[in-house]
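Structure data (PDB, C-alpha atoms and all ligand atoms) from start_28.pdb:
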ATOM      1  CA  MET A  10      -1.453  29.420 -11.570
ATOM      2  CA  THR A  11      -1.112  32.684  -9.752
ATOM      3  CA  GLY A  12       0.502  35.624 -11.503
ATOM      4  CA  PRO A  13       2.134  37.022 -14.571
ATOM      5  CA  THR A  14       5.814  36.980 -13.744
ATOM      6  CA  GLN A  15       8.402  34.861 -12.015
ATOM      7  CA  THR A  16       8.927  37.404  -9.227
ATOM      8  CA  PHE A  17       5.300  38.285  -9.093
ATOM      9  CA  GLN A  18       5.312  42.038  -9.756
ATOM     10  CA  LEU A  19       1.815  43.441 -10.312
ATOM     11  CA  SER A  20       0.053  46.791 -10.850
ATOM     12  CA  VAL A  21      -2.690  47.933  -8.420
ATOM     13  CA  ASP A  22      -5.359  46.712 -10.883
ATOM     14  CA  ALA A  23      -3.664  43.345 -11.125
ATOM     15  CA  ALA A  24      -3.336  43.247  -7.333
ATOM     16  CA  GLU A  25      -7.087  43.948  -7.001
ATOM     17  CA  ALA A  26      -7.710  41.101  -9.461
ATOM     18  CA  TYR A  27      -5.349  38.895  -7.438
ATOM     19  CA  GLU A  28      -7.359  39.667  -4.275
ATOM     20  CA  ALA A  29     -10.744  39.159  -5.972
ATOM     21  CA  ARG A  30      -9.848  36.066  -7.946
ATOM     22  CA  PHE A  31      -6.831  34.200  -6.620
ATOM     23  CA  VAL A  32      -7.093  34.807  -2.891
ATOM     24  CA  PRO A  33     -10.521  33.117  -2.599
ATOM     25  CA  ALA A  34      -9.642  30.461  -5.217
ATOM     26  CA  ILE A  35      -6.299  29.393  -3.743
ATOM     27  CA  PHE A  36      -4.685  31.283  -0.857
ATOM     28  CA  ALA A  37      -7.479  31.953   1.662
ATOM     29  CA  GLU A  38      -7.811  28.228   2.379
ATOM     30  CA  TRP A  39      -4.135  27.932   3.386
ATOM     31  CA  ALA A  40      -3.806  31.039   5.582
ATOM     32  CA  PRO A  41      -5.596  29.589   8.668
ATOM     33  CA  HIS A  42      -3.428  26.457   8.454
ATOM     34  CA  LEU A  43      -0.238  28.536   8.396
ATOM     35  CA  VAL A  44      -1.421  30.785  11.237
ATOM     36  CA  GLU A  45      -2.375  27.705  13.238
ATOM     37  CA  ALA A  46       0.968  26.001  12.540
ATOM     38  CA  ALA A  47       2.760  29.129  13.785
ATOM     39  CA  GLY A  48       0.748  29.064  17.022
ATOM     40  CA  VAL A  49      -0.314  32.711  16.616
ATOM     41  CA  ALA A  50      -2.032  33.937  19.805
ATOM     42  CA  PRO A  51      -3.540  37.203  21.122
ATOM     43  CA  GLY A  52      -0.957  39.685  22.385
ATOM     44  CA  GLN A  53       1.845  38.514  20.081
ATOM     45  CA  ALA A  54       3.769  40.484  17.472
ATOM     46  CA  VAL A  55       3.345  38.781  14.080
ATOM     47  CA  LEU A  56       4.965  39.509  10.703
ATOM     48  CA  ASP A  57       3.661  38.335   7.301
ATOM     49  CA  VAL A  58       6.599  38.343   4.839
ATOM     50  CA  ALA A  59       5.725  38.763   1.125
ATOM     51  CA  CYS A  60       2.215  39.450   2.375
ATOM     52  CA  GLY A  61       0.714  40.253  -1.038
ATOM     53  CA  THR A  62      -2.758  41.653  -0.380
ATOM     54  CA  GLY A  63      -2.441  40.472   3.218
ATOM     55  CA  VAL A  64      -4.565  37.363   3.604
ATOM     56  CA  VAL A  65      -2.214  35.786   6.173
ATOM     57  CA  ALA A  66      -1.847  39.034   8.162
ATOM     58  CA  ARG A  67      -5.642  39.475   8.201
ATOM     59  CA  THR A  68      -6.160  35.889   9.327
ATOM     60  CA  ALA A  69      -3.587  36.338  12.114
ATOM     61  CA  ALA A  70      -5.159  39.640  13.204
ATOM     62  CA  ASP A  71      -8.612  38.048  13.356
ATOM     63  CA  ARG A  72      -7.250  35.207  15.475
ATOM     64  CA  MET A  73      -5.567  37.730  17.794
ATOM     65  CA  GLY A  74      -8.821  39.617  18.281
ATOM     66  CA  GLY A  75      -7.194  43.033  18.000
ATOM     67  CA  ARG A  76      -4.660  42.320  20.768
ATOM     68  CA  GLY A  77      -1.026  42.534  19.654
ATOM     69  CA  ARG A  78       0.887  43.760  16.615
ATOM     70  CA  VAL A  79       0.413  42.564  13.022
ATOM     71  CA  ALA A  80       2.677  43.757  10.214
ATOM     72  CA  GLY A  81       2.893  42.806   6.545
ATOM     73  CA  ALA A  82       5.881  43.376   4.241
ATOM     74  CA  ASP A  83       6.016  42.991   0.468
ATOM     75  CA  LEU A  84       8.118  44.216  -2.433
ATOM     76  CA  ASN A  85       5.103  45.217  -4.471
ATOM     77  CA  GLU A  86       3.308  48.552  -3.915
ATOM     78  CA  GLY A  87       0.189  47.384  -5.799
ATOM     79  CA  MET A  88      -0.260  44.475  -3.405
ATOM     80  CA  LEU A  89       0.342  46.743  -0.409
ATOM     81  CA  ALA A  90      -2.208  49.304  -1.674
ATOM     82  CA  VAL A  91      -4.899  46.612  -1.665
ATOM     83  CA  ALA A  92      -3.751  45.318   1.748
ATOM     84  CA  ARG A  93      -3.968  48.876   3.159
ATOM     85  CA  ARG A  94      -7.409  49.453   1.637
ATOM     86  CA  LEU A  95      -8.738  46.247   3.222
ATOM     87  CA  ARG A  96      -7.157  46.595   6.659
ATOM     88  CA  PRO A  97      -5.840  50.143   7.249
ATOM     89  CA  GLU A  98      -5.371  49.482  10.968
ATOM     90  CA  LEU A  99      -2.590  46.939  10.358
ATOM     91  CA  GLU A 100       1.026  47.890   9.492
ATOM     92  CA  TRP A 101       2.101  47.563   5.857
ATOM     93  CA  HIS A 102       5.722  47.976   4.764
ATOM     94  CA  ARG A 103       7.386  47.953   1.358
ATOM     95  CA  ALA A 104      10.395  45.675   1.771
ATOM     96  CA  GLU A 105      12.589  43.073   0.141
ATOM     97  CA  ALA A 106      12.328  39.793   2.064
ATOM     98  CA  SER A 107      16.091  39.570   2.557
ATOM     99  CA  ASP A 108      16.280  43.136   3.941
ATOM    100  CA  LEU A 109      13.401  43.637   6.386
ATOM    101  CA  PRO A 110      12.997  47.066   8.029
ATOM    102  CA  PHE A 111      12.659  45.725  11.572
ATOM    103  CA  GLY A 112      14.973  45.350  14.544
ATOM    104  CA  ASP A 113      16.329  42.049  15.798
ATOM    105  CA  GLY A 114      13.811  39.938  17.731
ATOM    106  CA  ALA A 115      10.838  42.198  16.954
ATOM    107  CA  PHE A 116       8.289  39.418  16.264
ATOM    108  CA  ASP A 117       7.080  36.317  18.108
ATOM    109  CA  ALA A 118       6.051  34.723  14.813
ATOM    110  CA  VAL A 119       7.182  35.367  11.240
ATOM    111  CA  LEU A 120       4.999  33.836   8.513
ATOM    112  CA  CYS A 121       5.479  33.536   4.764
ATOM    113  CA  GLN A 122       2.915  32.002   2.390
ATOM    114  CA  SER A 123       3.461  30.961  -1.237
ATOM    115  CA  ALA A 124       6.413  33.261  -1.771
ATOM    116  CA  LEU A 125       9.764  31.759  -0.715
ATOM    117  CA  MET A 126      10.093  30.156  -4.175
ATOM    118  CA  PHE A 127      10.080  33.603  -5.819
ATOM    119  CA  PHE A 128      12.915  35.078  -3.758
ATOM    120  CA  PRO A 129      16.302  35.470  -5.476
ATOM    121  CA  ASP A 130      18.045  34.829  -2.135
ATOM    122  CA  ARG A 131      15.963  32.214  -0.308
ATOM    123  CA  VAL A 132      18.485  31.473   2.438
ATOM    124  CA  GLY A 133      19.094  35.201   2.930
ATOM    125  CA  ALA A 134      15.334  35.737   3.319
ATOM    126  CA  LEU A 135      15.011  32.876   5.834
ATOM    127  CA  ARG A 136      18.007  34.226   7.746
ATOM    128  CA  GLU A 137      16.314  37.642   7.815
ATOM    129  CA  MET A 138      13.059  36.082   9.066
ATOM    130  CA  ALA A 139      15.080  34.384  11.828
ATOM    131  CA  ARG A 140      16.772  37.684  12.702
ATOM    132  CA  VAL A 141      13.512  39.593  13.190
ATOM    133  CA  ALA A 142      11.996  36.715  15.216
ATOM    134  CA  THR A 143      12.495  36.623  18.976
ATOM    135  CA  GLY A 144      15.007  34.034  20.261
ATOM    136  CA  GLY A 145      13.177  30.706  20.045
ATOM    137  CA  GLY A 146      10.361  32.454  18.152
ATOM    138  CA  THR A 147       8.598  30.777  15.236
ATOM    139  CA  VAL A 148       9.232  31.071  11.522
ATOM    140  CA  ALA A 149       6.414  29.394   9.548
ATOM    141  CA  VAL A 150       6.553  28.986   5.780
ATOM    142  CA  GLN A 151       4.118  27.540   3.241
ATOM    143  CA  VAL A 152       5.220  26.361  -0.222
ATOM    144  CA  TRP A 153       3.660  24.128  -2.891
ATOM    145  CA  ASP A 154       4.624  20.484  -3.261
ATOM    146  CA  ARG A 155       6.605  19.205  -6.301
ATOM    147  CA  LEU A 156       4.776  19.184  -9.642
ATOM    148  CA  GLU A 157       5.195  15.368  -9.792
ATOM    149  CA  ALA A 158       3.206  15.116  -6.542
ATOM    150  CA  GLN A 159       0.360  17.297  -7.849
ATOM    151  CA  GLU A 160      -2.543  15.192  -9.122
ATOM    152  CA  GLY A 161      -4.346  18.123 -10.755
ATOM    153  CA  TYR A 162      -1.525  20.336 -12.029
ATOM    154  CA  GLY A 163       0.507  17.211 -12.833
ATOM    155  CA  ALA A 164      -2.291  16.099 -15.187
ATOM    156  CA  MET A 165      -2.408  19.556 -16.761
ATOM    157  CA  TYR A 166       1.354  19.731 -17.296
ATOM    158  CA  GLY A 167       1.398  16.133 -18.539
ATOM    159  CA  ALA A 168      -0.998  17.256 -21.285
ATOM    160  CA  PHE A 169       1.168  20.295 -22.060
ATOM    161  CA  ALA A 170       4.284  18.103 -22.181
ATOM    162  CA  ARG A 171       2.751  15.871 -24.868
ATOM    163  CA  HIS A 172       2.846  18.938 -27.164
ATOM    164  CA  LEU A 173       5.821  20.869 -25.824
ATOM    165  CA  GLY A 174       8.151  18.166 -24.523
ATOM    166  CA  PRO A 175       9.227  17.651 -20.920
ATOM    167  CA  GLU A 176      10.642  21.177 -20.615
ATOM    168  CA  ALA A 177       7.008  22.370 -20.378
ATOM    169  CA  ALA A 178       7.151  21.722 -16.629
ATOM    170  CA  GLY A 179      10.074  24.129 -16.300
ATOM    171  CA  LEU A 180       8.067  26.772 -18.121
ATOM    172  CA  GLY A 181       5.477  26.542 -15.392
ATOM    173  CA  GLY A 182       7.827  28.689 -13.397
ATOM    174  CA  ALA A 183       8.956  28.803  -9.827
ATOM    175  CA  TYR A 184       5.735  27.635  -8.177
ATOM    176  CA  TRP A 185       6.800  24.026  -7.664
ATOM    177  CA  ALA A 186      10.503  24.715  -7.101
ATOM    178  CA  LEU A 187      10.545  24.148  -3.312
ATOM    179  CA  GLY A 188       8.374  21.044  -3.088
ATOM    180  CA  ASP A 189      11.291  18.755  -2.274
ATOM    181  CA  LEU A 190      11.316  18.530   1.527
ATOM    182  CA  GLU A 191      15.017  17.724   1.694
ATOM    183  CA  LEU A 192      15.893  20.826  -0.312
ATOM    184  CA  LEU A 193      13.483  22.922   1.734
ATOM    185  CA  GLY A 194      14.910  21.622   5.019
ATOM    186  CA  SER A 195      18.453  22.387   3.839
ATOM    187  CA  LEU A 196      17.488  26.030   3.212
ATOM    188  CA  PHE A 197      16.180  26.374   6.787
ATOM    189  CA  GLU A 198      19.311  24.745   8.144
ATOM    190  CA  ALA A 199      21.576  27.028   6.103
ATOM    191  CA  ALA A 200      19.681  29.992   7.561
ATOM    192  CA  GLY A 201      20.352  28.818  11.136
ATOM    193  CA  LEU A 202      16.744  27.744  11.769
ATOM    194  CA  THR A 203      15.777  24.501  13.529
ATOM    195  CA  VAL A 204      12.820  22.832  11.833
ATOM    196  CA  THR A 205      10.230  21.888  14.464
ATOM    197  CA  GLY A 206       7.375  20.688  12.274
ATOM    198  CA  VAL A 207       6.500  19.744   8.702
ATOM    199  CA  ARG A 208       2.952  19.134   7.530
ATOM    200  CA  THR A 209       1.941  18.265   3.988
ATOM    201  CA  ARG A 210      -1.698  18.766   3.125
ATOM    202  CA  VAL A 211      -3.852  18.848   0.012
ATOM    203  CA  GLY A 212      -6.126  21.802  -0.602
ATOM    204  CA  THR A 213      -8.478  22.673  -3.429
ATOM    205  CA  VAL A 214      -8.107  25.291  -6.158
ATOM    206  CA  ARG A 215     -11.455  26.359  -7.579
ATOM    207  CA  PHE A 216     -12.123  27.663 -11.099
ATOM    208  CA  GLY A 217     -15.377  28.499 -12.922
ATOM    209  CA  SER A 218     -14.555  26.090 -15.768
ATOM    210  CA  ALA A 219     -11.857  23.797 -17.169
ATOM    211  CA  THR A 220     -11.008  26.434 -19.794
ATOM    212  CA  GLU A 221     -10.514  29.051 -17.084
ATOM    213  CA  ALA A 222      -8.270  26.691 -15.087
ATOM    214  CA  VAL A 223      -6.015  25.926 -18.044
ATOM    215  CA  ALA A 224      -6.042  29.406 -19.629
ATOM    216  CA  THR A 225      -5.102  30.939 -16.262
ATOM    217  CA  GLU A 226      -2.177  28.567 -15.912
ATOM    218  CA  ILE A 227      -0.873  29.276 -19.418
ATOM    219  CA  GLU A 228      -1.339  33.022 -19.200
ATOM    220  CA  ALA A 229      -0.094  33.410 -15.642
ATOM    221  CA  THR A 230       3.238  31.678 -16.276
ATOM    222  CA  PRO A 231       6.137  32.036 -18.726
ATOM    223  CA  LEU A 232       4.386  29.408 -20.888
ATOM    224  CA  ALA A 233       2.315  31.977 -22.824
ATOM    225  CA  ALA A 234       5.340  33.961 -23.965
ATOM    226  CA  SER A 235       7.166  30.848 -25.133
ATOM    227  CA  ILE A 236       4.608  29.492 -27.642
ATOM    228  CA  ASP A 237       2.931  30.573 -30.901
ATOM    229  CA  PRO A 238      -0.884  31.031 -31.118
ATOM    230  CA  ALA A 239      -1.484  27.618 -32.753
ATOM    231  CA  THR A 240       0.481  25.825 -30.025
ATOM    232  CA  HIS A 241      -1.325  27.918 -27.411
ATOM    233  CA  ARG A 242      -4.655  26.642 -28.801
ATOM    234  CA  ARG A 243      -3.430  23.033 -28.896
ATOM    235  CA  ILE A 244      -2.171  22.970 -25.304
ATOM    236  CA  LEU A 245      -5.305  24.755 -24.103
ATOM    237  CA  ASP A 246      -7.451  22.013 -25.684
ATOM    238  CA  ALA A 247      -5.189  19.254 -24.337
ATOM    239  CA  GLY A 248      -5.215  20.806 -20.860
ATOM    240  CA  VAL A 249      -9.011  21.135 -20.847
ATOM    241  CA  GLU A 250      -9.318  17.462 -21.802
ATOM    242  CA  ALA A 251      -6.991  16.516 -18.925
ATOM    243  CA  MET A 252      -9.215  18.467 -16.519
ATOM    244  CA  ALA A 253     -12.277  16.282 -17.252
ATOM    245  CA  ARG A 254     -11.945  14.249 -14.055
ATOM    246  CA  PHE A 255     -11.773  17.396 -11.913
ATOM    247  CA  VAL A 256     -15.007  18.909 -13.257
ATOM    248  CA  VAL A 257     -17.795  19.210 -10.666
ATOM    249  CA  ALA A 258     -21.385  20.505 -10.690
ATOM    250  CA  GLY A 259     -22.075  23.373 -13.070
ATOM    251  CA  GLY A 260     -18.905  22.756 -15.072
ATOM    252  CA  ARG A 261     -16.739  24.212 -12.294
ATOM    253  CA  VAL A 262     -13.324  22.708 -11.662
ATOM    254  CA  GLU A 263     -11.838  21.683  -8.314
ATOM    255  CA  LEU A 264      -8.139  20.919  -8.547
ATOM    256  CA  PRO A 265      -6.309  19.279  -5.667
ATOM    257  CA  ILE A 266      -3.138  21.130  -4.748
ATOM    258  CA  GLY A 267      -0.539  19.872  -2.297
ATOM    259  CA  GLY A 268       1.608  22.099  -0.167
ATOM    260  CA  HIS A 269       3.991  21.987   2.783
ATOM    261  CA  LEU A 270       3.717  23.936   6.033
ATOM    262  CA  VAL A 271       7.114  24.135   7.708
ATOM    263  CA  THR A 272       7.637  25.582  11.182
ATOM    264  CA  ALA A 273      11.036  26.362  12.647
ATOM    265  CA  ALA A 274      12.518  27.891  15.774
ATOM    266  CA  ALA A 275      14.741  30.953  15.511
ATOM    267  CA  PRO A 276      18.098  30.672  17.292
ATOM    268  CA  GLY A 277      17.657  31.368  21.022
TER     269      GLY A 277
HETATM  270  C1  LIG B 301       1.918  34.384  -4.757
HETATM  271  S1  LIG B 301       2.075  35.909  -3.953
HETATM  272  C2  LIG B 301       1.650  35.426  -2.288
HETATM  273  C3  LIG B 301       1.142  36.601  -1.502
HETATM  274  C4  LIG B 301       0.555  36.273  -0.138
HETATM  275  N1  LIG B 301       1.563  35.729   0.766
HETATM  276  C5  LIG B 301      -0.655  35.370  -0.238
HETATM  277  O1  LIG B 301      -0.648  34.293   0.368
HETATM  278  O2  LIG B 301      -1.633  35.749  -0.938
HETATM  279  C6  LIG B 301       3.831  36.198  -3.857
HETATM  280  C7  LIG B 301       4.213  37.533  -3.222
HETATM  281  O3  LIG B 301       5.620  37.569  -3.038
HETATM  282  C8  LIG B 301       6.052  38.918  -3.210
HETATM  283  N2  LIG B 301       7.502  38.886  -3.453
HETATM  284  C9  LIG B 301       8.159  38.275  -4.470
HETATM  285  N3  LIG B 301       9.483  38.417  -4.335
HETATM  286  C10 LIG B 301       9.665  39.140  -3.195
HETATM  287  C11 LIG B 301      10.823  39.601  -2.491
HETATM  288  N4  LIG B 301      12.054  39.328  -2.953
HETATM  289  N5  LIG B 301      10.665  40.292  -1.343
HETATM  290  C12 LIG B 301       9.417  40.572  -0.860
HETATM  291  N6  LIG B 301       8.291  40.155  -1.475
HETATM  292  C13 LIG B 301       8.405  39.450  -2.621
HETATM  293  C14 LIG B 301       5.239  39.389  -4.399
HETATM  294  O4  LIG B 301       5.217  40.803  -4.512
HETATM  295  C15 LIG B 301       3.876  38.768  -4.063
HETATM  296  O5  LIG B 301       3.069  39.644  -3.328
END
Go ahead and render the structure in this file as structure tokens.
Ligand SMILES: C[S@@+](CC[C@H](N)C(=O)[O-])C[C@H]1O[C@@H](n2cnc3c(N)ncnc32)[C@H](O)[C@@H]1O
Amino acid sequence: MTGPTQTFQLSVDAAEAYEARFVPAIFAEWAPHLVEAAGVAPGQAVLDVACGTGVVARTAADRMGGRGRVAGADLNEGMLAVARRLRPELEWHRAEASDLPFGDGAFDAVLCQSALMFFPDRVGALREMARVATGGGTVAVQVWDRLEAQEGYGAMYGAFARHLGPEAAGLGGAYWALGDLELLGSLFEAAGLTVTGVRTRVGTVRFGSATEAVATEIEATPLAASIDPATHRRILDAGVEAMARFVVAGGRVELPIGGHLVTAAAPG
């Protein structure tokens, strides 16, 4: 769905492609919902953890109308280079999510979109987000729902599974790993955060064609490396067939995608 590796490490070229292709297709739609859920307001200090090319930080900055502090932090220099090119006036930091280079209580709101599932130490990262938030400040996290709850990607993986067996879903990678709300809530709790709100919504992922939708999914996940060329062809065809009901005008594809927006209060 969104990138070549499980931890999402990309070159600058790949990060530019991510910004040009995936941000408008998937992530831009979710950023205003996350910023809204976090209650971001002018004059605040806001941090975007695992900011990628910075769509959440940019959305927060626009909502704050230039009043306040907006910082983004990400492990990947390529992503940060694109973020800096787009919005040089914001702060961009290279950092591991579980070791943020900020003092205690530095931010009113700490946001994290489509990334917690990639972190090797998810509780450690949430604890770190709580640490850099002000007492009672907000930590707001977006993750994708479970694969079984995904009408569009569920249909695609169902088609893959008919050729590859049920383990195909596992090969889809970490994307769907935090869709279980009980599991997600337990991570927040373990990090000392009090969940104050959970919202599940369905967005739309847009591709130019069914082939593009399915090829992107195969090539952007560990699936591609695990299959031979003939199998690749077979699951591509099966996936394209499963996309028929999501095809709209001009052969474009609109895939529903469910995700959770969780807000929590940092310890006071
Ligand atoms: C799918 S992208 C999401 C980027 C951005 N939040 C957005 O909405 O477009 C996942 C991001 O997580 C970052 N990432 C993965 N593991 C990380 C870690 N342990 N610490 C910090 N960033 C990490 C990757 O570099 C990548 O930019």
Counting only C-alpha atoms and all ligand atoms, closest pick from A:Gln151, A:Ser123, A:Gln53, A:Ser195 relative to ligand LIG 301 (chain B) is A:Ser123
What does the distance between atom C11 of ligand LIG 301 (chain B) and CA of Phe128 in chain A come to in Å, to one decimal place?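 Distance between the two atoms: 5.1 Å.
Residues surrounding Val207 in chain A within 9 Å are Leu190, Val204, His269, Leu270, Val271, Thr272 and Ala273 of chain A [all atoms listed in the file; sequence separation below 3 positions excluded].
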Point out the residue among A:Ala26, A:Ala178, A:Ala183, A:Ala224 with the least atom-to-atom distance to Pro129 in chain A, counting only C-alpha atoms.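 With only C-alpha atoms as the atom set, the closest residue is A:Ala183.
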Would you give the centre and edge lengths, in Å to one decimal, of a box along x, y and z around the listed atoms of range 180-192 of chain A, with 5 Å added to each side, as lines of an AutoDock Vina configuration file?
center_x = 10.7
center_y = 23.3
center_z = -8.2
size_x = 20.4
size_y = 21.1
size_z = 29.8
Using only C-alpha atoms and all ligand atoms, which residue out of A:Asp71, A:Asp57, A:Asp246, A:Asp83 lies closest to ligand LIG 301 (chain B)? A:Asp83
Chain A residues near ligand LIG 301 (chain B) within 9 Å, closest pair each, using all atoms listed in the file, as CSV:
residue,atom,partner,partner_atom,distance
A:Thr11,CA,B:LIG301,C1,6.1
A:Gly12,CA,B:LIG301,C1,7.0
A:Gln15,CA,B:LIG301,C9,8.3
A:Thr16,CA,B:LIG301,C9,4.9
A:Phe17,CA,B:LIG301,C14,4.8
A:Gln18,CA,B:LIG301,O4,5.4
A:Leu19,CA,B:LIG301,O4,7.2
A:Ala24,CA,B:LIG301,O5,8.4
A:Tyr27,CA,B:LIG301,O2,8.1
A:Glu28,CA,B:LIG301,O2,7.7
A:Phe31,CA,B:LIG301,O2,7.9
A:Val32,CA,B:LIG301,O2,5.9
A:Ile35,CA,B:LIG301,O2,8.4
A:Phe36,CA,B:LIG301,O1,5.2
A:Ala37,CA,B:LIG301,O1,7.3
A:Trp39,CA,B:LIG301,O1,7.9
A:Ala40,CA,B:LIG301,O1,6.9
A:Asp57,CA,B:LIG301,N1,7.3
A:Val58,CA,B:LIG301,C12,6.7
A:Ala59,CA,B:LIG301,N6,3.9
A:Cys60,CA,B:LIG301,N1,4.1
A:Gly61,CA,B:LIG301,O5,3.3
A:Thr62,CA,B:LIG301,O2,6.0
A:Gly63,CA,B:LIG301,C4,6.2
A:Val64,CA,B:LIG301,O2,5.6
A:Val65,CA,B:LIG301,O1,6.2
A:Ala66,CA,B:LIG301,N1,8.8
A:Ala82,CA,B:LIG301,C12,6.8
A:Asp83,CA,B:LIG301,N6,4.1
A:Leu84,CA,B:LIG301,N6,4.2
A:Asn85,CA,B:LIG301,O4,4.4
A:Glu86,CA,B:LIG301,O4,8.0
A:Gly87,CA,B:LIG301,O4,8.4
A:Met88,CA,B:LIG301,O5,5.9
A:Leu89,CA,B:LIG301,O5,8.1
A:Arg103,CA,B:LIG301,C12,8.0
A:Ala104,CA,B:LIG301,C12,5.8
A:Glu105,CA,B:LIG301,N5,3.7
A:Ala106,CA,B:LIG301,N5,3.8
A:Ser107,CA,B:LIG301,N5,6.7
A:Asp108,CA,B:LIG301,N5,8.2
A:Leu109,CA,B:LIG301,C12,8.8
A:Leu120,CA,B:LIG301,N1,8.7
A:Cys121,CA,B:LIG301,N1,6.0
A:Gln122,CA,B:LIG301,N1,4.3
A:Ser123,CA,B:LIG301,C2,4.9
A:Ala124,CA,B:LIG301,C6,4.4
A:Leu125,CA,B:LIG301,O3,7.5
A:Met126,CA,B:LIG301,N3,8.3
A:Phe127,CA,B:LIG301,N3,5.1
A:Phe128,CA,B:LIG301,N4,4.4
A:Pro129,CA,B:LIG301,N4,6.3
A:Asp130,CA,B:LIG301,N4,7.5
A:Arg131,CA,B:LIG301,N4,8.5
A:Ala134,CA,B:LIG301,N4,7.9
A:Gln151,CA,B:LIG301,O1,8.8
A:Tyr184,CA,B:LIG301,C1,8.5
Produce a file of the selected residues containing C-alpha atoms, as a PDB file, in the coordinates of the input.
ATOM      1  CA  THR A  11      -1.112  32.684  -9.752  1.00  0.00           C
ATOM      2  CA  GLY A  12       0.502  35.624 -11.503  1.00  0.00           C
ATOM      3  CA  GLN A  15       8.402  34.861 -12.015  1.00  0.00           C
ATOM      4  CA  THR A  16       8.927  37.404  -9.227  1.00  0.00           C
ATOM      5  CA  PHE A  17       5.300  38.285  -9.093  1.00  0.00           C
ATOM      6  CA  GLN A  18       5.312  42.038  -9.756  1.00  0.00           C
ATOM      7  CA  LEU A  19       1.815  43.441 -10.312  1.00  0.00           C
ATOM      8  CA  ALA A  24      -3.336  43.247  -7.333  1.00  0.00           C
ATOM      9  CA  TYR A  27      -5.349  38.895  -7.438  1.00  0.00           C
ATOM     10  CA  GLU A  28      -7.359  39.667  -4.275  1.00  0.00           C
ATOM     11  CA  PHE A  31      -6.831  34.200  -6.620  1.00  0.00           C
ATOM     12  CA  VAL A  32      -7.093  34.807  -2.891  1.00  0.00           C
ATOM     13  CA  ILE A  35      -6.299  29.393  -3.743  1.00  0.00           C
ATOM     14  CA  PHE A  36      -4.685  31.283  -0.857  1.00  0.00           C
ATOM     15  CA  ALA A  37      -7.479  31.953   1.662  1.00  0.00           C
ATOM     16  CA  TRP A  39      -4.135  27.932   3.386  1.00  0.00           C
ATOM     17  CA  ALA A  40      -3.806  31.039   5.582  1.00  0.00           C
ATOM     18  CA  ASP A  57       3.661  38.335   7.301  1.00  0.00           C
ATOM     19  CA  VAL A  58       6.599  38.343   4.839  1.00  0.00           C
ATOM     20  CA  ALA A  59       5.725  38.763   1.125  1.00  0.00           C
ATOM     21  CA  CYS A  60       2.215  39.450   2.375  1.00  0.00           C
ATOM     22  CA  GLY A  61       0.714  40.253  -1.038  1.00  0.00           C
ATOM     23  CA  THR A  62      -2.758  41.653  -0.380  1.00  0.00           C
ATOM     24  CA  GLY A  63      -2.441  40.472   3.218  1.00  0.00           C
ATOM     25  CA  VAL A  64      -4.565  37.363   3.604  1.00  0.00           C
ATOM     26  CA  VAL A  65      -2.214  35.786   6.173  1.00  0.00           C
ATOM     27  CA  ALA A  66      -1.847  39.034   8.162  1.00  0.00           C
ATOM     28  CA  ALA A  82       5.881  43.376   4.241  1.00  0.00           C
ATOM     29  CA  ASP A  83       6.016  42.991   0.468  1.00  0.00           C
ATOM     30  CA  LEU A  84       8.118  44.216  -2.433  1.00  0.00           C
ATOM     31  CA  ASN A  85       5.103  45.217  -4.471  1.00  0.00           C
ATOM     32  CA  GLU A  86       3.308  48.552  -3.915  1.00  0.00           C
ATOM     33  CA  GLY A  87       0.189  47.384  -5.799  1.00  0.00           C
ATOM     34  CA  MET A  88      -0.260  44.475  -3.405  1.00  0.00           C
ATOM     35  CA  LEU A  89       0.342  46.743  -0.409  1.00  0.00           C
ATOM     36  CA  ARG A 103       7.386  47.953   1.358  1.00  0.00           C
ATOM     37  CA  ALA A 104      10.395  45.675   1.771  1.00  0.00           C
ATOM     38  CA  GLU A 105      12.589  43.073   0.141  1.00  0.00           C
ATOM     39  CA  ALA A 106      12.328  39.793   2.064  1.00  0.00           C
ATOM     40  CA  SER A 107      16.091  39.570   2.557  1.00  0.00           C
ATOM     41  CA  ASP A 108      16.280  43.136   3.941  1.00  0.00           C
ATOM     42  CA  LEU A 109      13.401  43.637   6.386  1.00  0.00           C
ATOM     43  CA  LEU A 120       4.999  33.836   8.513  1.00  0.00           C
ATOM     44  CA  CYS A 121       5.479  33.536   4.764  1.00  0.00           C
ATOM     45  CA  GLN A 122       2.915  32.002   2.390  1.00  0.00           C
ATOM     46  CA  SER A 123       3.461  30.961  -1.237  1.00  0.00           C
ATOM     47  CA  ALA A 124       6.413  33.261  -1.771  1.00  0.00           C
ATOM     48  CA  LEU A 125       9.764  31.759  -0.715  1.00  0.00           C
ATOM     49  CA  MET A 126      10.093  30.156  -4.175  1.00  0.00           C
ATOM     50  CA  PHE A 127      10.080  33.603  -5.819  1.00  0.00           C
ATOM     51  CA  PHE A 128      12.915  35.078  -3.758  1.00  0.00           C
ATOM     52  CA  PRO A 129      16.302  35.470  -5.476  1.00  0.00           C
ATOM     53  CA  ASP A 130      18.045  34.829  -2.135  1.00  0.00           C
ATOM     54  CA  ARG A 131      15.963  32.214  -0.308  1.00  0.00           C
ATOM     55  CA  ALA A 134      15.334  35.737   3.319  1.00  0.00           C
ATOM     56  CA  GLN A 151       4.118  27.540   3.241  1.00  0.00           C
ATOM     57  CA  TYR A 184       5.735  27.635  -8.177  1.00  0.00           C
TER      58      TYR A 184
END
